[in-house]
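A.B. asks: My file is model_10.csv. It has CSV, C-alpha atoms:
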```
chain,number,residue,atom,x,y,z
A,11,MET,CA,11.1,-25.2,5.5
A,12,LYS,CA,10.5,-27.2,8.7
A,13,MET,CA,10.7,-25.6,12.1
A,14,ILE,CA,10.4,-27.2,15.5
A,15,ALA,CA,8.2,-25.1,17.8
A,16,ALA,CA,9.8,-25.0,21.3
A,17,THR,CA,6.5,-25.2,23.1
A,18,ASN,CA,4.4,-27.7,24.9
A,19,ASN,CA,1.4,-25.5,24.7
A,20,ILE,CA,-1.0,-26.9,22.1
A,21,HIS,CA,-2.8,-23.5,21.7
A,22,LYS,CA,0.4,-21.7,20.9
A,23,LEU,CA,1.5,-24.5,18.6
A,24,GLU,CA,-1.8,-24.3,16.7
A,25,GLU,CA,-1.6,-20.5,16.3
A,26,ILE,CA,2.0,-20.5,15.1
A,27,ARG,CA,1.2,-23.4,12.7
A,28,ALA,CA,-1.9,-21.7,11.3
A,29,ILE,CA,-0.1,-18.4,10.6
A,30,LEU,CA,3.1,-19.9,9.2
A,31,LYS,CA,1.4,-22.5,7.0
A,32,ASP,CA,0.6,-19.7,4.4
A,33,LYS,CA,4.3,-19.0,4.2
A,34,GLY,CA,5.3,-22.6,3.3
A,35,ILE,CA,6.7,-23.3,6.8
A,36,THR,CA,5.8,-26.6,8.4
A,37,VAL,CA,5.8,-26.3,12.2
A,38,VAL,CA,6.2,-29.5,14.2
A,39,SER,CA,5.9,-29.9,17.9
A,40,LEU,CA,8.6,-30.9,20.4
A,41,ALA,CA,6.8,-34.3,20.6
A,42,ASP,CA,6.8,-34.7,16.8
A,43,ALA,CA,10.5,-34.0,16.9
A,44,GLY,CA,11.0,-36.7,19.6
A,45,LEU,CA,11.9,-34.2,22.3
A,46,THR,CA,10.5,-34.5,25.8
A,47,VAL,CA,12.4,-31.5,27.2
A,48,GLU,CA,11.0,-29.1,29.7
A,49,ILE,CA,12.8,-25.8,29.3
A,50,GLU,CA,13.1,-23.4,32.3
A,51,GLU,CA,12.0,-19.9,31.4
A,52,ASN,CA,14.0,-17.8,33.8
A,53,GLY,CA,14.6,-14.7,31.7
A,54,ASP,CA,13.6,-11.2,32.7
A,55,SER,CA,11.8,-10.4,29.5
A,56,PHE,CA,9.7,-12.1,26.8
A,57,THR,CA,12.5,-11.9,24.4
A,58,ASP,CA,15.0,-13.5,26.8
A,59,ASN,CA,12.6,-16.4,27.4
A,60,ALA,CA,11.8,-16.9,23.7
A,61,LEU,CA,15.6,-17.0,22.9
A,62,ILE,CA,16.3,-19.4,25.8
A,63,LYS,CA,13.7,-21.8,24.4
A,64,ALA,CA,14.6,-21.6,20.7
A,65,ARG,CA,18.3,-21.9,21.4
A,66,GLU,CA,17.8,-25.0,23.6
A,67,VAL,CA,15.8,-26.8,20.9
A,68,TRP,CA,18.4,-25.8,18.2
A,69,ARG,CA,21.2,-27.0,20.5
A,70,LEU,CA,19.5,-30.4,21.0
A,71,THR,CA,18.5,-31.0,17.3
A,72,GLY,CA,20.6,-28.7,15.1
A,73,GLU,CA,17.4,-28.0,13.3
A,74,ALA,CA,15.5,-24.7,12.8
A,75,ALA,CA,13.7,-23.8,16.0
A,76,ILE,CA,11.0,-21.3,16.8
A,77,ALA,CA,9.7,-20.2,20.2
A,78,ASP,CA,7.1,-17.8,21.5
A,79,ASP,CA,7.1,-16.2,24.9
A,80,SER,CA,4.1,-14.1,25.6
A,81,GLY,CA,2.1,-12.5,28.3
A,82,LEU,CA,-0.1,-9.8,29.5
A,83,GLU,CA,1.0,-6.3,30.7
A,84,VAL,CA,-1.5,-4.3,32.7
A,85,ASP,CA,-0.8,-0.6,32.9
A,86,ALA,CA,-2.5,-0.2,36.3
A,87,LEU,CA,-0.3,-3.0,37.7
A,88,GLY,CA,3.0,-1.5,36.4
A,89,GLY,CA,3.2,-4.1,33.6
A,90,GLN,CA,2.3,-7.1,35.7
A,91,PRO,CA,1.8,-10.1,35.4
A,92,GLY,CA,4.3,-9.7,32.5
A,93,VAL,CA,6.8,-12.6,32.2
A,94,LYS,CA,4.9,-14.2,35.1
A,95,SER,CA,1.6,-14.3,33.3
A,96,ALA,CA,1.4,-18.1,33.1
A,97,ARG,CA,2.2,-18.6,36.8
A,98,TYR,CA,0.6,-15.5,38.2
A,99,SER,CA,-1.7,-17.3,40.6
A,100,GLY,CA,0.9,-19.9,41.5
A,101,GLU,CA,-1.4,-22.7,40.1
A,102,THR,CA,0.2,-24.9,37.5
A,103,GLY,CA,-2.5,-27.5,36.7
A,104,ASP,CA,-5.5,-27.6,34.4
A,105,ASP,CA,-7.2,-24.9,36.5
A,106,LYS,CA,-4.3,-22.4,35.9
A,107,ASP,CA,-6.1,-20.1,33.5
A,108,ARG,CA,-9.2,-19.8,35.7
A,109,LYS,CA,-7.1,-19.1,38.8
A,110,ASN,CA,-5.0,-16.5,36.9
A,111,ASN,CA,-8.1,-14.7,35.7
A,112,GLU,CA,-9.6,-14.7,39.2
A,113,LYS,CA,-6.4,-13.1,40.6
A,114,LEU,CA,-6.3,-10.5,37.8
A,115,LYS,CA,-10.0,-9.5,38.4
A,116,ALA,CA,-9.3,-9.2,42.1
A,117,ALA,CA,-6.2,-7.1,41.6
A,118,LEU,CA,-8.2,-4.7,39.4
A,119,ARG,CA,-11.4,-4.7,41.5
A,120,THR,CA,-11.0,-1.0,42.5
A,121,VAL,CA,-9.5,0.2,39.2
A,122,PRO,CA,-12.1,2.3,37.3
A,123,ASP,CA,-13.0,2.3,33.6
A,124,GLY,CA,-10.5,4.3,31.6
A,125,LYS,CA,-7.6,3.0,33.8
A,126,ARG,CA,-7.8,-0.7,32.8
A,127,SER,CA,-5.6,-0.6,29.7
A,128,ALA,CA,-3.4,-3.5,28.9
A,129,ARG,CA,-1.4,-5.1,26.1
A,130,PHE,CA,-0.6,-8.6,25.2
A,131,CYS,CA,3.0,-9.0,24.1
A,132,SER,CA,4.5,-11.9,22.1
A,133,ALA,CA,8.2,-12.3,21.5
A,134,ILE,CA,9.1,-14.8,18.8
A,135,ALA,CA,12.7,-16.1,18.6
A,136,ALA,CA,14.0,-18.4,15.9
A,137,VAL,CA,17.4,-20.1,15.5
A,138,PHE,CA,18.3,-21.5,12.1
A,139,PRO,CA,20.6,-24.5,11.5
A,140,ASN,CA,23.6,-22.2,10.8
A,141,GLY,CA,23.0,-20.5,14.2
A,142,LYS,CA,21.5,-17.3,12.8
A,143,GLU,CA,18.8,-15.8,15.0
A,144,ILE,CA,15.7,-13.7,14.5
A,145,ILE,CA,13.9,-12.0,17.3
A,146,VAL,CA,10.8,-9.9,17.0
A,147,GLU,CA,7.9,-8.7,19.1
A,148,GLY,CA,4.2,-8.1,18.5
A,149,TYR,CA,1.4,-6.6,20.5
A,150,VAL,CA,-2.3,-6.2,20.7
A,151,TYR,CA,-3.9,-3.5,22.8
A,152,GLY,CA,-7.0,-3.5,24.9
A,153,LYS,CA,-8.4,-3.3,28.4
A,154,ILE,CA,-9.3,-5.7,31.1
A,155,GLY,CA,-13.0,-6.5,31.6
A,156,TYR,CA,-14.8,-7.2,34.8
A,157,THR,CA,-16.0,-10.7,33.9
A,158,GLU,CA,-14.8,-13.4,31.6
A,159,LYS,CA,-16.5,-13.6,28.2
A,160,GLY,CA,-16.2,-15.9,25.3
A,161,GLY,CA,-15.1,-19.5,24.9
A,162,ASN,CA,-12.3,-19.4,22.3
A,163,GLY,CA,-8.7,-18.7,23.1
A,164,PHE,CA,-6.9,-19.5,26.4
A,165,GLY,CA,-5.0,-17.7,29.2
A,166,TYR,CA,-6.3,-14.2,29.8
A,167,ASP,CA,-8.3,-14.1,26.5
A,168,PRO,CA,-11.7,-14.0,28.2
A,169,LEU,CA,-10.8,-10.9,30.2
A,170,PHE,CA,-9.0,-9.0,27.4
A,171,ILE,CA,-11.3,-6.6,25.5
A,172,VAL,CA,-9.6,-5.8,22.2
A,173,ASP,CA,-9.4,-2.1,21.3
A,174,GLY,CA,-11.8,-1.3,18.5
A,175,TYR,CA,-13.6,-4.7,18.6
A,176,GLY,CA,-15.7,-4.3,21.8
A,177,LYS,CA,-15.2,-8.1,22.3
A,178,THR,CA,-12.8,-10.1,24.3
A,179,MET,CA,-10.1,-12.1,22.6
A,180,ALA,CA,-12.0,-15.2,23.5
A,181,GLU,CA,-15.1,-13.9,21.7
A,182,LEU,CA,-13.2,-13.6,18.4
A,183,ASP,CA,-13.2,-16.6,16.1
A,184,SER,CA,-9.8,-18.1,15.5
A,185,LYS,CA,-9.5,-16.8,12.0
A,186,GLU,CA,-10.1,-13.3,13.2
A,187,LYS,CA,-7.8,-13.8,16.2
A,188,ASN,CA,-5.0,-15.1,14.0
A,189,LYS,CA,-5.1,-11.8,12.1
A,190,ILE,CA,-4.9,-9.4,15.0
A,191,SER,CA,-3.3,-11.2,18.0
A,192,HIS,CA,0.0,-10.3,19.5
A,193,ARG,CA,1.3,-13.6,18.2
A,194,ALA,CA,0.0,-12.9,14.7
A,195,ASN,CA,1.6,-9.4,14.8
A,196,ALA,CA,4.9,-10.9,16.0
A,197,LEU,CA,4.8,-13.6,13.3
A,198,LYS,CA,4.2,-11.0,10.6
A,199,GLU,CA,7.4,-9.3,11.8
A,200,PHE,CA,9.1,-12.6,11.7
A,201,VAL,CA,8.1,-13.3,8.1
A,202,LYS,CA,9.2,-9.8,7.1
A,203,LYS,CA,12.7,-10.5,8.6
A,204,LEU,CA,12.8,-13.9,7.1
A,205,GLU,CA,12.2,-12.6,3.6
B,106,MET,CA,7.8,17.9,36.2
B,107,LYS,CA,8.8,19.8,33.1
B,108,MET,CA,10.2,18.1,30.0
B,109,ILE,CA,11.5,19.6,26.8
B,110,ALA,CA,10.1,17.7,23.7
B,111,ALA,CA,12.8,17.3,21.1
B,112,THR,CA,10.6,17.9,18.2
B,113,ASN,CA,9.8,20.7,15.8
B,114,ASN,CA,6.6,18.9,14.7
B,115,ILE,CA,3.6,20.7,16.2
B,116,HIS,CA,1.3,17.6,15.8
B,117,LYS,CA,3.7,15.4,17.7
B,118,LEU,CA,4.2,18.0,20.4
B,119,GLU,CA,0.4,18.4,20.8
B,120,GLU,CA,-0.1,14.6,21.1
B,121,ILE,CA,2.7,14.2,23.6
B,122,ARG,CA,1.4,17.2,25.6
B,123,ALA,CA,-2.2,16.0,25.7
B,124,ILE,CA,-1.3,12.5,26.9
B,125,LEU,CA,1.3,13.5,29.5
B,126,LYS,CA,-0.8,16.4,30.9
B,127,ASP,CA,-2.8,13.9,32.9
B,128,LYS,CA,0.3,12.7,34.5
B,129,GLY,CA,1.4,16.1,35.8
B,130,ILE,CA,4.1,16.5,33.2
B,131,THR,CA,4.3,19.8,31.5
B,132,VAL,CA,5.8,19.4,28.0
B,133,VAL,CA,7.4,22.4,26.4
B,134,SER,CA,8.6,22.8,22.9
B,135,LEU,CA,12.2,23.4,21.7
B,136,ALA,CA,11.1,27.0,20.9
B,137,ASP,CA,9.7,27.5,24.4
B,138,ALA,CA,13.0,26.3,25.7
B,139,GLY,CA,14.9,28.8,23.6
B,140,LEU,CA,16.4,26.2,21.3
B,141,THR,CA,16.6,26.5,17.6
B,142,VAL,CA,18.5,23.3,17.0
B,143,GLU,CA,17.9,21.0,14.0
B,144,ILE,CA,18.9,17.5,15.0
B,145,GLU,CA,20.0,15.0,12.3
B,146,GLU,CA,18.2,11.7,12.6
B,147,ASN,CA,20.6,9.3,11.1
B,148,GLY,CA,19.9,6.2,13.2
B,149,ASP,CA,18.9,2.8,11.8
B,150,SER,CA,15.9,2.4,14.0
B,151,PHE,CA,13.2,4.4,15.7
B,152,THR,CA,14.8,3.9,19.1
B,153,ASP,CA,18.2,5.1,17.8
B,154,ASN,CA,16.7,8.2,16.4
B,155,ALA,CA,14.6,9.0,19.5
B,156,LEU,CA,17.7,8.6,21.7
B,157,ILE,CA,19.8,10.8,19.4
B,158,LYS,CA,17.2,13.6,19.8
B,159,ALA,CA,16.5,13.3,23.5
B,160,ARG,CA,20.3,13.1,24.3
B,161,GLU,CA,21.0,16.2,22.2
B,162,VAL,CA,18.4,18.3,24.0
B,163,TRP,CA,19.6,17.1,27.4
B,164,ARG,CA,23.2,17.8,26.4
B,165,LEU,CA,22.3,21.3,25.4
B,166,THR,CA,20.1,22.2,28.4
B,167,GLY,CA,20.8,19.7,31.2
B,168,GLU,CA,17.0,19.5,31.6
B,169,ALA,CA,14.7,16.5,31.2
B,170,ALA,CA,14.1,15.8,27.5
B,171,ILE,CA,11.7,13.6,25.7
B,172,ALA,CA,11.7,12.6,22.0
B,173,ASP,CA,9.5,10.6,19.7
B,174,ASP,CA,10.6,8.9,16.5
B,175,SER,CA,7.9,7.2,14.6
B,176,GLY,CA,6.9,5.9,11.3
B,177,LEU,CA,5.0,3.4,9.2
B,178,GLU,CA,6.1,-0.2,8.5
B,179,VAL,CA,4.2,-1.9,5.7
B,180,ASP,CA,4.5,-5.7,5.6
B,181,ALA,CA,4.3,-6.0,1.8
B,182,LEU,CA,7.2,-3.5,1.5
B,183,GLY,CA,9.4,-5.5,3.9
B,184,GLY,CA,8.9,-2.8,6.6
B,185,GLN,CA,9.3,0.3,4.5
B,186,PRO,CA,9.1,3.3,4.7
B,187,GLY,CA,10.2,2.7,8.3
B,188,VAL,CA,12.7,5.2,9.6
B,189,LYS,CA,12.4,7.0,6.2
B,190,SER,CA,8.7,7.6,6.6
B,191,ALA,CA,8.9,11.4,6.8
B,192,ARG,CA,11.2,11.6,3.8
B,193,TYR,CA,9.8,8.7,1.7
B,194,SER,CA,9.0,10.8,-1.3
B,195,GLY,CA,12.1,13.0,-1.0
B,196,GLU,CA,9.8,16.0,-0.6
B,197,THR,CA,10.5,18.1,2.5
B,198,GLY,CA,8.1,21.1,2.2
B,199,ASP,CA,4.5,21.6,3.2
B,200,ASP,CA,3.4,19.1,0.5
B,201,LYS,CA,5.5,16.3,2.1
B,202,ASP,CA,2.6,14.4,3.6
B,203,ARG,CA,0.6,14.4,0.3
B,204,LYS,CA,3.6,13.3,-1.7
B,205,ASN,CA,4.4,10.5,0.8
B,206,ASN,CA,0.9,9.2,0.6
B,207,GLU,CA,0.9,9.3,-3.2
B,208,LYS,CA,4.1,7.3,-3.3
B,209,LEU,CA,2.8,4.7,-0.8
B,210,LYS,CA,-0.5,4.3,-2.8
B,211,ALA,CA,1.6,3.7,-6.0
B,212,ALA,CA,3.9,1.2,-4.2
B,213,LEU,CA,0.9,-0.8,-3.1
B,214,ARG,CA,-1.2,-0.5,-6.3
B,215,THR,CA,-1.0,-4.1,-7.2
B,216,VAL,CA,-1.1,-5.5,-3.6
B,217,PRO,CA,-4.4,-7.1,-2.9
B,218,ASP,CA,-6.7,-6.9,0.1
B,219,GLY,CA,-5.5,-9.2,2.8
B,220,LYS,CA,-1.8,-8.4,2.0
B,221,ARG,CA,-1.9,-4.6,2.9
B,222,SER,CA,-1.2,-5.0,6.7
B,223,ALA,CA,1.0,-2.4,8.4
B,224,ARG,CA,1.8,-0.9,11.7
B,225,PHE,CA,2.7,2.5,13.0
B,226,CYS,CA,5.6,2.4,15.5
B,227,SER,CA,6.6,5.1,17.9
B,228,ALA,CA,9.7,5.0,20.0
B,229,ILE,CA,9.9,7.4,22.9
B,230,ALA,CA,13.2,8.2,24.6
B,231,ALA,CA,13.6,10.4,27.6
B,232,VAL,CA,16.8,11.6,29.3
B,233,PHE,CA,16.5,13.0,32.9
B,234,PRO,CA,18.8,15.7,34.4
B,235,ASN,CA,20.9,13.0,36.2
B,236,GLY,CA,21.5,11.3,32.8
B,237,LYS,CA,19.1,8.3,33.4
B,238,GLU,CA,17.3,7.2,30.3
B,239,ILE,CA,14.0,5.5,29.5
B,240,ILE,CA,13.3,4.0,26.1
B,241,VAL,CA,10.0,2.4,25.1
B,242,GLU,CA,8.0,1.5,22.0
B,243,GLY,CA,4.3,1.5,21.1
B,244,TYR,CA,2.4,0.3,18.1
B,245,VAL,CA,-1.0,0.4,16.4
B,246,TYR,CA,-1.9,-2.1,13.8
B,247,GLY,CA,-3.9,-1.8,10.6
B,248,LYS,CA,-3.9,-1.9,6.9
B,249,ILE,CA,-3.2,0.6,4.0
B,250,GLY,CA,-6.3,1.8,2.2
B,251,TYR,CA,-6.6,2.7,-1.5
B,252,THR,CA,-7.5,6.4,-1.0
B,253,GLU,CA,-7.0,9.0,1.7
B,254,LYS,CA,-9.9,9.4,4.1
B,255,GLY,CA,-10.4,11.8,7.0
B,256,GLY,CA,-9.1,15.3,7.9
B,257,ASN,CA,-7.6,14.8,11.3
B,258,GLY,CA,-4.1,13.6,12.0
B,259,PHE,CA,-1.1,14.0,9.7
B,260,GLY,CA,1.5,11.9,7.9
B,261,TYR,CA,0.1,8.6,6.7
B,262,ASP,CA,-3.0,8.8,9.0
B,263,PRO,CA,-5.5,9.2,6.0
B,264,LEU,CA,-4.3,5.9,4.5
B,265,PHE,CA,-4.0,3.9,7.6
B,266,ILE,CA,-7.2,1.9,8.5
B,267,VAL,CA,-7.0,0.9,12.1
B,268,ASP,CA,-7.7,-2.7,13.0
B,269,GLY,CA,-11.1,-3.1,14.6
B,270,TYR,CA,-12.2,0.5,13.8
B,271,GLY,CA,-12.9,0.3,10.1
B,272,LYS,CA,-11.8,4.0,10.0
B,273,THR,CA,-8.5,5.6,9.1
B,274,MET,CA,-6.4,7.2,11.8
B,275,ALA,CA,-7.4,10.6,10.2
B,276,GLU,CA,-11.1,9.8,10.7
B,277,LEU,CA,-10.8,9.3,14.5
B,278,ASP,CA,-11.2,12.4,16.6
B,279,SER,CA,-8.1,13.4,18.5
B,280,LYS,CA,-9.5,12.2,21.9
B,281,GLU,CA,-10.0,8.7,20.4
B,282,LYS,CA,-6.7,8.8,18.6
B,283,ASN,CA,-4.8,9.8,21.7
B,284,LYS,CA,-6.1,6.6,23.4
B,285,ILE,CA,-5.1,4.1,20.7
B,286,SER,CA,-2.3,5.5,18.7
B,287,HIS,CA,1.2,4.1,18.5
B,288,ARG,CA,2.4,7.3,20.3
B,289,ALA,CA,-0.3,6.9,23.0
B,290,ASN,CA,0.7,3.2,23.5
B,291,ALA,CA,4.4,4.2,23.7
B,292,LEU,CA,3.6,7.0,26.2
B,293,LYS,CA,1.6,4.5,28.4
B,294,GLU,CA,4.8,2.4,28.6
B,295,PHE,CA,6.8,5.5,29.4
B,296,VAL,CA,4.5,6.4,32.3
B,297,LYS,CA,4.6,2.8,33.5
B,298,LYS,CA,8.5,2.9,33.6
B,299,LEU,CA,8.5,6.4,35.1
B,300,GLU,CA,6.4,5.2,38.1
```
Would you mind writing the file out in structure tokens?
C.D. replies:
Amino acid sequence: MKMIAATNNIHKLEEIRAILKDKGITVVSLADAGLTVEIEENGDSFTDNALIKAREVWRLTGEAAIADDSGLEVDALGGQPGVKSARYSGETGDDKDRKNNEKLKAALRTVPDGKRSARFCSAIAAVFPNGKEIIVEGYVYGKIGYTEKGGNGFGYDPLFIVDGYGKTMAELDSKEKNKISHRANALKEFVKKLE
Amino acid sequence: MKMIAATNNIHKLEEIRAILKDKGITVVSLADAGLTVEIEENGDSFTDNALIKAREVWRLTGEAAIADDSGLEVDALGGQPGVKSARYSGETGDDKDRKNNEKLKAALRTVPDGKRSARFCSAIAAVFPNGKEIIVEGYVYGKIGYTEKGGNGFGYDPLFIVDGYGKTMAELDSKEKNKISHRANALKEFVKKLE
């Protein structure tokens, strides 16, 4: 089966592609599908946003579409940055990740160890040619470190210390990350529902 | 604040009590509240069942009620035993946990390493005296071992090897378990929504 991934984020595309390849699903990018659309993510939740994106690609192409919406929820911040994770600092350019991490560190400067728990959430939505939809969520739990560590991954990965690993998400190699990440856990649920 | 926990399971009660104590919430059992009710859990999902239980206790008492419904979802079994986790083997007596674990091991006998991934899910529902409701979910991810290990915990804990820990849930001490368990993760979400 071929699915169009409703994302312009190359990191997300690669993770989705790597995980679904084993299941005989070929994931192509918006560009591969000849789409240059920029979809506004104005939902209140990860699931809303994932559905908005998958439905739009399906509407434009009639083909199977898959979308991820994901972010970081920090307990001490009442679940922020949440759906605003990618635009937390207001920065939109190449320096976005660094600025977002700076803002997060500043927000947690006075928050002690033991109160820095957080989770990454990924919502995956898929729409099939017949209009049927699948929507699932996955998580990975951890805590926010004081300094960035590790060079893999993207977004908040360098600050997110994974429970049980004593390493940030950016210190895990991509094979390991693709087993335990929020996106991997959501995609496992997706495959379960697909079967 | 006092909340009545809609459970007759002493293990669940103790976990909920331990985690919410820090938040100034006193959790009392059904028995403490003078209730001897046996609530039928006939929902299709953990959230349905948790809501059924919390609403029933609120209906009977008018007091704040909290309920957990939880279980194990094994990927290779398409998400089973799921909502049937507690009654998977059909056994209902004291030997229930052992029989359930035996059945799970048998179901996965031919499933190789790398295909034994699973998650524990906990749905927590609360109903407040004014009828307002909170519903949240939490997870912990891992894989199913070949033999039971560890003497703490209950249910499928001795077969569930927690991602990143290399130990079963039943090998973790209760302090550690109460930081990373599905129920702990759901209760963190609950506290976040409460605030």
A.B. asks: At a cut-off of 6 Å, which residues of chain B touch chain A? Count all atoms listed in the file and give the answer as a PDB file with C-alpha atoms, in the frame of the given file.
C.D. replies:
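Saved the output as selection_34.pdb:
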```pdb
ATOM      1  CA  GLY B 183       9.400  -5.500   3.900  1.00  0.00           C
ATOM      2  CA  GLY B 269     -11.100  -3.100  14.600  1.00  0.00           C
ATOM      3  CA  TYR B 270     -12.200   0.500  13.800  1.00  0.00           C
ATOM      4  CA  LYS B 297       4.600   2.800  33.500  1.00  0.00           C
TER       5      LYS B 297
END
```
A.B. asks: Would you compute the distance between CA of Ala275 in chain B and CA of Asn206 in chain B? Give it in Å to one decimal.
C.D. replies: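 Going from CA of Ala275 in chain B over to CA of Asn206 in chain B, I get 12.8 Å.
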A.B. asks: What separation in Å, quoted to one decimal, exists between CA of Ser99 in chain A and CA of Phe295 in chain B?
C.D. replies: 26.8 Å
A.B. asks: In Å, how far is it from CA of Glu253 in chain B to CA of Leu118 in chain B?
C.D. replies: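 For CA of Glu253 in chain B relative to CA of Leu118 in chain B, the distance reads 23.6 Å.
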A.B. asks: Do a neighbour search on Glu143 in chain A at 10 Å with all atoms listed in the file, toss out local chain neighbours closer than 6 positions, and write the hits as JSON, numbers by chain.
C.D. replies: {"A": [61, 64, 65, 74, 75, 76, 135, 136, 137]}
A.B. asks: From the set A:Lys63, A:Lys185, A:Lys142, A:Lys113, which residue has the shortest atom-to-atom contact distance to Gly100 in chain A, counting all atoms listed in the file?
C.D. replies: A:Lys113
A.B. asks: Residues within 7 Å of (2.3, -20.3, 23.2), file coordinates, counting all atoms listed in the file: what are they? Give the list as a count of residues only.
C.D. replies: 8
A.B. asks: So, counting only C-alpha atoms, which residue among A:Ala194, A:Ala77, A:Leu82, A:Met179 is closest to Gly163 in chain A?
C.D. replies: A:Met179
